$ cat protein.pdb   # PDB, C-alpha atoms
ATOM      1  CA  MET A   1       0.000   0.000   0.000
ATOM      2  CA  ALA A   2       1.360   3.389  -0.977
ATOM      3  CA  LYS A   3       2.106   5.888   1.714
ATOM      4  CA  LYS A   4      -0.115   8.965   1.544
ATOM      5  CA  LYS A   5       1.779  12.212   1.122
ATOM      6  CA  TYR A   6       0.603  15.299   2.916
ATOM      7  CA  ASN A   7       0.973  18.746   1.470
ATOM      8  CA  ASP A   8       2.822  20.742   4.127
ATOM      9  CA  GLU A   9       2.961  23.912   2.059
ATOM     10  CA  VAL A  10       1.286  26.975   3.450
ATOM     11  CA  ASN A  11      -1.274  28.529   1.140
ATOM     12  CA  TYR A  12      -0.062  32.121   1.274
ATOM     13  CA  VAL A  13      -2.532  33.348  -1.336
ATOM     14  CA  GLY A  14      -5.461  31.955   0.653
ATOM     15  CA  LEU A  15      -4.114  33.488   3.851
ATOM     16  CA  ALA A  16      -3.647  36.879   2.174
ATOM     17  CA  VAL A  17      -7.160  36.761   0.741
ATOM     18  CA  GLU A  18      -8.569  35.852   4.151
ATOM     19  CA  ILE A  19      -6.760  38.820   5.748
ATOM     20  CA  LEU A  20      -7.989  41.178   3.013
ATOM     21  CA  VAL A  21     -11.575  39.951   3.423
ATOM     22  CA  TYR A  22     -11.289  40.550   7.165
ATOM     23  CA  ALA A  23      -9.876  44.045   6.526
ATOM     24  CA  PHE A  24     -12.726  44.798   4.116
ATOM     25  CA  VAL A  25     -15.327  43.738   6.692
ATOM     26  CA  LEU A  26     -13.626  45.894   9.340
ATOM     27  CA  THR A  27     -13.576  48.886   6.999
ATOM     28  CA  TRP A  28     -17.211  48.311   6.122
ATOM     29  CA  ALA A  29     -18.095  48.178   9.831
ATOM     30  CA  THR A  30     -16.412  51.542  10.425
ATOM     31  CA  SER A  31     -18.619  53.147   7.802
ATOM     32  CA  ILE A  32     -21.793  51.746   9.420
ATOM     33  CA  PHE A  33     -21.129  52.097  13.160
ATOM     34  CA  ASN A  34     -20.341  55.479  14.728
ATOM     35  CA  ASN A  35     -18.501  54.070  17.764
ATOM     36  CA  PHE A  36     -15.987  52.155  15.647
ATOM     37  CA  TYR A  37     -12.958  53.825  14.041
ATOM     38  CA  ILE A  38      -9.990  52.564  12.032
ATOM     39  CA  ALA A  39      -7.543  55.168  10.731
ATOM     40  CA  ASN A  40      -7.249  53.794   7.176
ATOM     41  CA  PHE A  41      -7.168  50.560   5.179
ATOM     42  CA  VAL A  42      -3.532  49.836   6.068
ATOM     43  CA  PHE A  43      -4.467  49.824   9.747
ATOM     44  CA  ALA A  44      -7.490  47.682   8.868
ATOM     45  CA  VAL A  45      -5.113  45.096   7.382
ATOM     46  CA  ILE A  46      -2.924  45.272  10.491
ATOM     47  CA  ALA A  47      -6.027  44.911  12.672
ATOM     48  CA  ALA A  48      -7.139  41.931  10.566
ATOM     49  CA  ILE A  49      -3.759  40.250  11.137
ATOM     50  CA  ILE A  50      -3.916  40.933  14.882
ATOM     51  CA  LEU A  51      -7.534  39.752  15.110
ATOM     52  CA  SER A  52      -6.708  36.585  13.180
ATOM     53  CA  LEU A  53      -3.801  35.829  15.509
ATOM     54  CA  LEU A  54      -5.968  36.495  18.576
ATOM     55  CA  ASN A  55      -8.771  34.329  17.164
ATOM     56  CA  TYR A  56      -6.403  31.393  16.665
ATOM     57  CA  THR A  57      -4.605  31.724  20.004
ATOM     58  CA  ILE A  58      -6.711  33.362  22.717
ATOM     59  CA  LYS A  59     -10.269  32.795  21.496
ATOM     60  CA  PRO A  60     -10.306  29.008  22.137
ATOM     61  CA  ILE A  61      -9.346  29.685  25.759
ATOM     62  CA  LEU A  62     -12.063  32.338  26.060
ATOM     63  CA  VAL A  63     -14.654  29.999  24.568
ATOM     64  CA  VAL A  64     -13.847  27.374  27.193
ATOM     65  CA  LEU A  65     -13.941  29.950  30.002
ATOM     66  CA  THR A  66     -17.282  31.419  28.884
ATOM     67  CA  LEU A  67     -18.865  28.066  28.026
ATOM     68  CA  PRO A  68     -21.047  27.904  31.179
ATOM     69  CA  LEU A  69     -22.405  31.376  30.442
ATOM     70  CA  SER A  70     -23.069  30.428  26.831
ATOM     71  CA  ILE A  71     -24.906  27.283  27.892
ATOM     72  CA  VAL A  72     -27.081  29.117  30.409
ATOM     73  CA  THR A  73     -28.004  31.836  27.886
ATOM     74  CA  LEU A  74     -28.369  29.352  24.995
ATOM     75  CA  GLY A  75     -25.523  30.991  23.088
ATOM     76  CA  ILE A  76     -26.905  34.524  23.087
ATOM     77  CA  LEU A  77     -23.868  35.809  24.979
ATOM     78  CA  TYR A  78     -21.337  34.001  22.766
ATOM     79  CA  PRO A  79     -20.404  37.327  21.072
ATOM     80  CA  ILE A  80     -18.845  38.362  24.384
ATOM     81  CA  THR A  81     -15.775  36.349  23.375
ATOM     82  CA  ASN A  82     -15.599  38.328  20.131
ATOM     83  CA  MET A  83     -16.028  41.544  22.119
ATOM     84  CA  ILE A  84     -13.061  40.631  24.312
ATOM     85  CA  ILE A  85     -10.956  39.919  21.214
ATOM     86  CA  LEU A  86     -11.986  43.270  19.685
ATOM     87  CA  LYS A  87     -11.130  45.095  22.910
ATOM     88  CA  LEU A  88      -7.706  43.405  23.001
ATOM     89  CA  CYS A  89      -7.084  44.570  19.439
ATOM     90  CA  ASP A  90      -8.219  48.065  20.444
ATOM     91  CA  TRP A  91      -5.742  48.014  23.299
ATOM     92  CA  LEU A  92      -2.894  46.705  21.117
ATOM     93  CA  MET A  93      -3.392  49.148  18.228
ATOM     94  CA  GLY A  94      -3.929  52.320  20.239
ATOM     95  CA  ASN A  95      -5.462  55.302  18.440
ATOM     96  CA  ALA A  96      -5.519  53.638  15.012
ATOM     97  CA  PHE A  97      -8.293  51.239  16.112
ATOM     98  CA  GLU A  98     -10.963  52.624  18.441
ATOM     99  CA  ILE A  99     -14.106  50.929  19.659
ATOM    100  CA  SER A 100     -16.321  52.284  22.413
ATOM    101  CA  GLY A 101     -19.571  51.379  24.103
ATOM    102  CA  PHE A 102     -20.705  47.967  25.311
ATOM    103  CA  PHE A 103     -23.792  47.602  23.118
ATOM    104  CA  SER A 104     -22.134  48.989  20.024
ATOM    105  CA  MET A 105     -19.242  46.569  20.555
ATOM    106  CA  PHE A 106     -21.797  43.765  20.923
ATOM    107  CA  PHE A 107     -23.481  44.586  17.602
ATOM    108  CA  ILE A 108     -20.171  45.266  15.847
ATOM    109  CA  SER A 109     -18.877  41.834  16.876
ATOM    110  CA  ILE A 110     -22.059  40.213  15.525
ATOM    111  CA  PHE A 111     -21.785  42.231  12.296
ATOM    112  CA  ILE A 112     -18.121  41.374  11.762
ATOM    113  CA  GLY A 113     -18.656  37.696  12.546
ATOM    114  CA  PHE A 114     -21.704  37.363  10.301
ATOM    115  CA  PHE A 115     -20.263  39.106   7.263
ATOM    116  CA  LYS A 116     -16.867  37.462   7.644
ATOM    117  CA  ILE A 117     -18.570  34.063   7.503
ATOM    118  CA  ILE A 118     -20.622  35.091   4.464
ATOM    119  CA  LEU A 119     -17.677  36.551   2.551
ATOM    120  CA  ASP A 120     -15.397  33.668   3.520
ATOM    121  CA  SER A 121     -17.905  31.210   2.121
ATOM    122  CA  PHE A 122     -17.991  33.049  -1.215
ATOM    123  CA  ILE A 123     -14.443  34.343  -1.636
ATOM    124  CA  THR A 124     -11.876  32.692   0.613
ATOM    125  CA  ILE A 125     -13.051  29.113   0.098
ATOM    126  CA  HIS A 126     -11.838  29.219  -3.531
ATOM    127  CA  PHE A 127      -8.301  30.015  -2.432
ATOM    128  CA  ARG A 128      -8.082  27.342   0.305
ATOM    129  CA  ARG A 129      -7.474  24.327  -1.924
TER     130      ARG A 129
END
$ encode --input "protein.pdb" --output "structure tokens"
Amino acid sequence: MAKKKYNDEVNYVGLAVEILVYAFVLTWATSIFNNFYIANFVFAVIAAIILSLLNYTIKPILVVLTLPLSIVTLGILYPITNMIILKLCDWLMGNAFEISGFFSMFFISIFIGFFKIILDSFITIHFRR
């Protein structure tokens, strides 16, 4: 039986497209929500990189820590993990990325999550082969 070979190459084009989609969604959110500010598209790309890194490293820990709260509220408070990630990015980026207000942060995290999923399903999936 032949040994199966695994492709260990990193798909840099797919990763770049994913970051650009994330930056586009962040820029779009700044034009809709008044309490959300990103200085320009370059900072949106930087924020997308930081948010992606935080989502792959810290978010799984936050999901486990907030799991009892998510179970009790039937998942309605799951966006709190996204709010914490957004606030960490706000803290890391300083004045180039500003987000204020609890309820606006709640709706911004839902907006970003929803449209990132939608755009990823249409755009990024073609580059992840």
$ resolve_selection --input "protein.pdb" --expression "the PyMOL selection byres ((chain A and resi 36-41) around 6)" --output "VMD selection string"
chain A and resid 30 33 to 35 42 to 44 96 to 99
$ resolve_selection --input "protein.pdb" --expression "the PyMOL selection byres ((chain A and resi 87) around 12)" --output "PyMOL selection string"
chain A and resi 36+47+50-51+54+80-86+88-94+97-102+105-106+108-109
$ atom_distance --input "protein.pdb" --atom1 "CA of Phe122 in chain A" --atom2 "CA of Lys59 in chain A"
24.0 Å
$ closest_residue --input "protein.pdb" --among "A:Val13, A:Leu26, A:Val21, A:Val45" --to "Ile118 in chain A" --atoms "all atoms listed in the file"
A:Val21
$ atom_distance --input "protein.pdb" --atom1 "CA of Leu20 in chain A" --atom2 "CA of Ile110 in chain A"
18.9 Å
$ atom_distance --input "protein.pdb" --atom1 "CA of Ser52 in chain A" --atom2 "CA of Pro79 in chain A"
15.8 Å
$ axis_aligned_box --input "protein.pdb" --around "range 84-97 of chain A" --padding-each-side "4 Å" --output "AutoDock Vina command-line options"
--center_x -8.0 --center_y 47.6 --center_z 19.7 --size_x 18.2 --size_y 23.4 --size_z 17.3
$ residues_around --input "protein.pdb" --residues "range 62-68 of chain A" --least-positions-apart "4" --cutoff "8 Å" --atoms "all atoms listed in the file" --output "PyMOL selection string"
chain A and resi 58+72+78+81
$ write_last_selection --input "protein.pdb" --atoms "C-alpha atoms" --output "PDB file, in the coordinates of the input"
ATOM      1  CA  ILE A  58      -6.711  33.362  22.717  1.00  0.00           C
ATOM      2  CA  VAL A  72     -27.081  29.117  30.409  1.00  0.00           C
ATOM      3  CA  TYR A  78     -21.337  34.001  22.766  1.00  0.00           C
ATOM      4  CA  THR A  81     -15.775  36.349  23.375  1.00  0.00           C
TER       5      THR A  81
END
$ closest_residue --input "protein.pdb" --among "A:Ile19, A:Ile71, A:Asn11, A:Ala29" --to "Phe115 in chain A" --atoms "only C-alpha atoms"
A:Ala29
